[in-house]
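Novice: Pasting start_1.csv here (CSV, C-alpha atoms):
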```csv
chain,number,residue,atom,x,y,z
N,1,MET,CA,-6.0,20.2,30.3
N,2,ASN,CA,-8.5,17.9,28.4
N,3,ARG,CA,-10.2,21.0,27.0
N,4,MET,CA,-6.9,22.0,25.4
N,5,VAL,CA,-6.5,18.6,23.8
N,6,GLU,CA,-10.0,18.6,22.5
N,7,ASN,CA,-9.5,22.1,20.8
N,8,LYS,CA,-6.3,21.0,19.2
N,9,LYS,CA,-6.7,21.4,15.4
N,10,GLY,CA,-4.9,19.4,12.9
N,11,ILE,CA,-5.3,16.9,10.1
N,12,ASN,CA,-6.7,13.5,11.1
N,13,ARG,CA,-6.2,10.0,9.7
N,14,ASP,CA,-9.3,10.2,7.4
N,15,ALA,CA,-8.1,13.4,5.9
N,16,ILE,CA,-4.7,11.9,5.2
N,17,LYS,CA,-6.3,8.9,3.5
N,18,TYR,CA,-8.4,11.2,1.3
N,19,ILE,CA,-5.3,13.2,0.4
N,20,ALA,CA,-3.6,9.9,-0.5
N,21,VAL,CA,-6.5,8.8,-2.7
N,22,VAL,CA,-6.5,12.1,-4.5
N,23,ALA,CA,-2.7,11.9,-5.0
N,24,MET,CA,-3.1,8.4,-6.4
N,25,LEU,CA,-5.9,9.6,-8.7
N,26,ALA,CA,-3.6,12.4,-9.9
N,27,ASN,CA,-0.8,9.9,-10.5
N,28,HIS,CA,-3.0,7.5,-12.5
N,29,PHE,CA,-4.5,10.4,-14.5
N,30,ALA,CA,-1.0,11.5,-15.5
N,31,ALA,CA,0.3,8.0,-16.3
N,32,ILE,CA,-2.7,7.2,-18.5
N,33,PHE,CA,-3.6,10.5,-20.2
N,34,LEU,CA,-0.5,12.9,-20.2
N,35,ASN,CA,2.4,12.7,-22.6
N,36,SER,CA,5.8,11.5,-21.3
N,37,GLY,CA,8.3,14.2,-20.4
N,38,THR,CA,5.9,17.0,-19.7
N,39,LEU,CA,6.4,18.9,-16.4
N,40,LEU,CA,2.8,18.4,-15.4
N,41,ARG,CA,3.0,14.6,-15.8
N,42,MET,CA,6.2,14.4,-13.8
N,43,PHE,CA,4.7,16.6,-11.1
N,44,LEU,CA,1.5,14.5,-10.8
N,45,LEU,CA,3.4,11.3,-10.9
N,46,GLY,CA,5.6,12.6,-8.1
N,47,ILE,CA,2.5,13.5,-6.0
N,48,GLY,CA,1.3,10.0,-6.4
N,49,ASN,CA,4.4,8.6,-4.6
N,50,PHE,CA,2.9,9.9,-1.3
N,51,THR,CA,0.1,7.3,-1.6
N,52,ALA,CA,2.3,4.2,-1.4
N,53,ILE,CA,4.1,5.3,1.8
N,54,THR,CA,0.8,6.5,3.4
N,55,MET,CA,-1.0,3.2,2.6
N,56,CYS,CA,1.8,1.1,3.9
N,57,TYR,CA,1.7,3.1,7.2
N,58,PHE,CA,-2.0,2.7,7.6
N,59,LEU,CA,-1.8,-1.0,6.7
N,60,VAL,CA,0.8,-1.6,9.5
N,61,GLU,CA,-1.3,0.5,11.9
N,62,GLY,CA,-4.5,-1.3,10.9
N,63,TYR,CA,-2.9,-4.7,11.2
N,64,GLY,CA,-2.2,-4.0,14.8
N,65,TYR,CA,-5.9,-3.1,15.5
N,66,THR,CA,-7.7,-5.6,13.4
N,67,HIS,CA,-9.7,-8.3,15.1
N,68,SER,CA,-9.7,-10.7,12.2
N,69,LYS,CA,-6.5,-10.9,10.2
N,70,LYS,CA,-8.0,-13.6,8.1
N,71,LYS,CA,-10.9,-11.3,7.0
N,72,TYR,CA,-8.5,-8.4,6.5
N,73,MET,CA,-6.3,-10.6,4.2
N,74,GLY,CA,-9.4,-11.9,2.4
N,75,ARG,CA,-10.7,-8.4,1.6
N,76,LEU,CA,-7.3,-7.4,0.3
N,77,LEU,CA,-7.1,-10.5,-1.9
N,78,LEU,CA,-10.7,-10.0,-3.2
N,79,PHE,CA,-10.3,-6.4,-4.1
N,80,ALA,CA,-6.8,-7.1,-5.6
N,81,ILE,CA,-8.4,-9.7,-7.9
N,82,LEU,CA,-11.4,-7.5,-8.8
N,83,SER,CA,-9.2,-4.5,-9.7
N,84,GLN,CA,-6.6,-6.4,-11.7
N,85,ILE,CA,-8.4,-6.3,-15.1
N,86,PRO,CA,-9.3,-2.6,-14.9
N,87,TYR,CA,-5.7,-1.9,-13.8
N,88,CYS,CA,-4.3,-3.8,-16.9
N,89,MET,CA,-6.8,-2.0,-19.1
N,90,ALA,CA,-5.8,1.4,-17.8
N,91,PHE,CA,-2.1,0.8,-18.2
N,92,THR,CA,-1.8,-1.4,-21.3
N,93,LYS,CA,-0.1,0.6,-24.1
N,94,GLN,CA,-1.2,-1.7,-26.9
N,95,GLU,CA,-4.7,-2.0,-28.2
N,96,ILE,CA,-5.2,-5.4,-26.7
N,97,ILE,CA,-5.2,-5.7,-23.0
N,98,SER,CA,-2.1,-7.3,-21.6
N,99,PHE,CA,-0.6,-8.2,-18.2
N,100,ILE,CA,1.6,-5.3,-17.1
N,101,GLY,CA,2.1,-6.5,-13.5
N,102,PHE,CA,0.0,-6.8,-10.4
N,103,ASN,CA,-1.9,-3.8,-9.0
N,104,MET,CA,-1.1,-2.0,-5.8
N,105,LEU,CA,-3.6,-4.1,-3.8
N,106,PHE,CA,-1.5,-7.1,-4.5
N,107,THR,CA,1.4,-5.1,-3.2
N,108,LEU,CA,-0.5,-4.3,0.0
N,109,LEU,CA,-1.4,-8.0,0.3
N,110,LEU,CA,2.3,-8.8,0.2
N,111,CYS,CA,2.9,-6.1,2.8
N,112,PHE,CA,0.2,-7.6,5.0
N,113,LEU,CA,1.9,-11.0,4.7
N,114,ILE,CA,5.1,-9.3,5.9
N,115,CYS,CA,3.2,-8.1,9.0
N,116,LEU,CA,1.9,-11.6,9.5
N,117,ILE,CA,5.4,-13.2,9.2
N,118,VAL,CA,6.9,-10.7,11.6
N,119,GLU,CA,4.2,-11.4,14.2
N,120,LYS,CA,3.7,-15.2,13.8
N,121,VAL,CA,7.0,-16.8,12.6
N,122,PRO,CA,9.3,-17.4,15.6
N,123,ASN,CA,12.3,-18.7,13.7
N,124,ILE,CA,14.4,-15.7,12.7
N,125,VAL,CA,16.1,-17.5,9.8
N,126,LEU,CA,12.7,-18.6,8.3
N,127,LYS,CA,11.3,-15.1,9.0
N,128,ILE,CA,14.2,-13.5,7.0
N,129,VAL,CA,13.9,-16.1,4.1
N,130,LEU,CA,10.1,-15.5,3.8
N,131,ILE,CA,10.5,-11.7,3.8
N,132,ILE,CA,13.1,-11.9,1.1
N,133,LEU,CA,10.8,-14.1,-1.0
N,134,ILE,CA,8.1,-11.5,-0.6
N,135,LEU,CA,10.5,-8.8,-1.6
N,136,PHE,CA,11.3,-10.7,-4.8
N,137,CYS,CA,7.6,-11.3,-5.5
N,138,SER,CA,6.9,-7.6,-5.1
N,139,VAL,CA,9.1,-6.7,-8.1
N,140,LYS,CA,6.2,-7.7,-10.4
N,141,CYS,CA,3.7,-5.5,-8.4
N,142,ASP,CA,2.8,-1.8,-8.7
N,143,TRP,CA,5.0,0.1,-6.2
N,144,GLY,CA,7.6,-2.6,-6.5
N,145,ILE,CA,10.0,-3.3,-3.7
N,146,GLY,CA,9.5,0.1,-2.1
N,147,ALA,CA,6.2,-0.7,-0.4
N,148,PRO,CA,7.4,-3.8,1.4
N,149,VAL,CA,10.6,-2.0,2.5
N,150,PHE,CA,8.5,0.9,3.9
N,151,THR,CA,6.2,-1.6,5.6
N,152,LEU,CA,9.2,-3.2,7.3
N,153,LEU,CA,10.4,0.3,8.4
N,154,PHE,CA,7.0,1.1,9.8
N,155,ILE,CA,6.9,-2.2,11.6
N,156,TRP,CA,10.4,-1.7,13.1
N,157,SER,CA,9.6,1.8,14.2
N,158,LYS,CA,6.7,0.7,16.3
N,159,ILE,CA,6.2,-1.5,19.3
N,160,PRO,CA,5.9,-5.1,18.2
N,161,PHE,CA,2.4,-6.5,17.5
```
As structure tokens, what does this structure read like?
Specialist:
Amino acid sequence: MNRMVENKKGINRDAIKYIAVVAMLANHFAAIFLNSGTLLRMFLLGIGNFTAITMCYFLVEGYGYTHSKKKYMGRLLLFAILSQIPYCMAFTKQEIISFIGFNMLFTLLLCFLICLIVEKVPNIVLKIVLIILILFCSVKCDWGIGAPVFTLLFIWSKIPF
């Protein structure tokens, strides 16, 4: 029986993550370099939507396995800050760099906070209020409100932390 399981072929987590990264790269290439309204641009932007859902799933899964939530959150914050200027440079339409919103790592940081709230806040009213506040904050982030909603759906679909 174990031999059958070992020989089972399929796509693993790492492969899915690599596919998501390539999809995000295709999305960003289209958003930065291709003209609006072209079929190729719309196709590549659509492919990139796979990334947000995938990253939210792996964030929720990783949250349950991590030994140090504080370090996990610190790494998300560090890389969100480091990638903010390149993000603004890539997506600014004017010649001078301008703030266009927060990058997707800030969105994932908010999603991480949702996981933390769901796990640690015992008061249901406070939990709901905090999650609603995070949803409002996510409006100014890449992936908007969709990523936190998907995070909640992934949390609710699994056994509690």
Novice: What is the CA of Lys127 (chain N)-CA of Leu153 (chain N) distance in Å, reported with one decimal?
Specialist: 15.4 Å
Novice: Calculated over all atoms listed in the file, which of the candidates N:Ala30, N:Ile128, N:Ala23, N:Ala80 has the smallest distance to Thr107 (chain N)?
Specialist: N:Ala80
Novice: Considering all atoms listed in the file, state which residue in the set N:Gln94, N:Thr54, N:Asn27, N:Asn49 is at the smallest distance from Asp14 (chain N).
Specialist: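 Of N:Gln94, N:Thr54, N:Asn27, N:Asn49, the one nearest Asp14 (chain N), counting all atoms listed in the file, is N:Thr54.
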Novice: Mind pulling up the distance from CA of Lys93 (chain N) to CA of Phe29 (chain N)?
Specialist: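 Between CA of Phe29 (chain N) and CA of Lys93 (chain N) the gap works out to 14.4 Å.
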Novice: Select all residues near (6.5, -2.0, 11.1) (cut-off 10 Å, inclusive, file coordinates), counting all atoms listed in the file, and output them as a PyMOL selection string.
Specialist: chain N and resi 56-57+59-61+63-64+111+114-115+118+148-161
Novice: For each of N:Ile47, N:Lys17, N:Lys71, N:Asp142, take the minimum atom-to-atom distance to Phe99 (chain N), counting all atoms listed in the file, then give the residue where this is smallest.
Specialist: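 Of N:Ile47, N:Lys17, N:Lys71, N:Asp142, the one nearest Phe99 (chain N) is N:Asp142, counting all atoms listed in the file.
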Novice: Around (-5.1, -11.2, -3.4) in the file's frame, which residues reach within 10 Å when counting only C-alpha atoms? Return as an NGL selection string?
Specialist: :N and (73-82 or 84 or 102-103 or 105-110)
Novice: Work out how far CA of Leu25 (chain N) is from CA of Lys140 (chain N), in Å to one decimal.
Specialist: 21.2 Å
Novice: Measuring between all atoms listed in the file, which one of N:Pro122, N:Gly37, N:Gly48, N:Gly101 shows the shortest distance to Ile19 (chain N)?
Specialist: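 The closest residue to Ile19 (chain N) is N:Gly48.
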Novice: Please determine, counting only C-alpha atoms, which residue among N:Val129, N:Met89, N:Met24, N:Lys120 has the shortest atom-to-atom distance to Trp143 (chain N).
Specialist: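 Counting only C-alpha atoms, the residue closest to Trp143 (chain N) is N:Met24.
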Novice: Which one of N:Met104, N:Ala52, N:Ala26, N:Lys69 sits closest to Ser83 (chain N) if you count all atoms listed in the file?
Specialist: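 Using all atoms listed in the file, Ser83 (chain N) sits closest to N:Met104.
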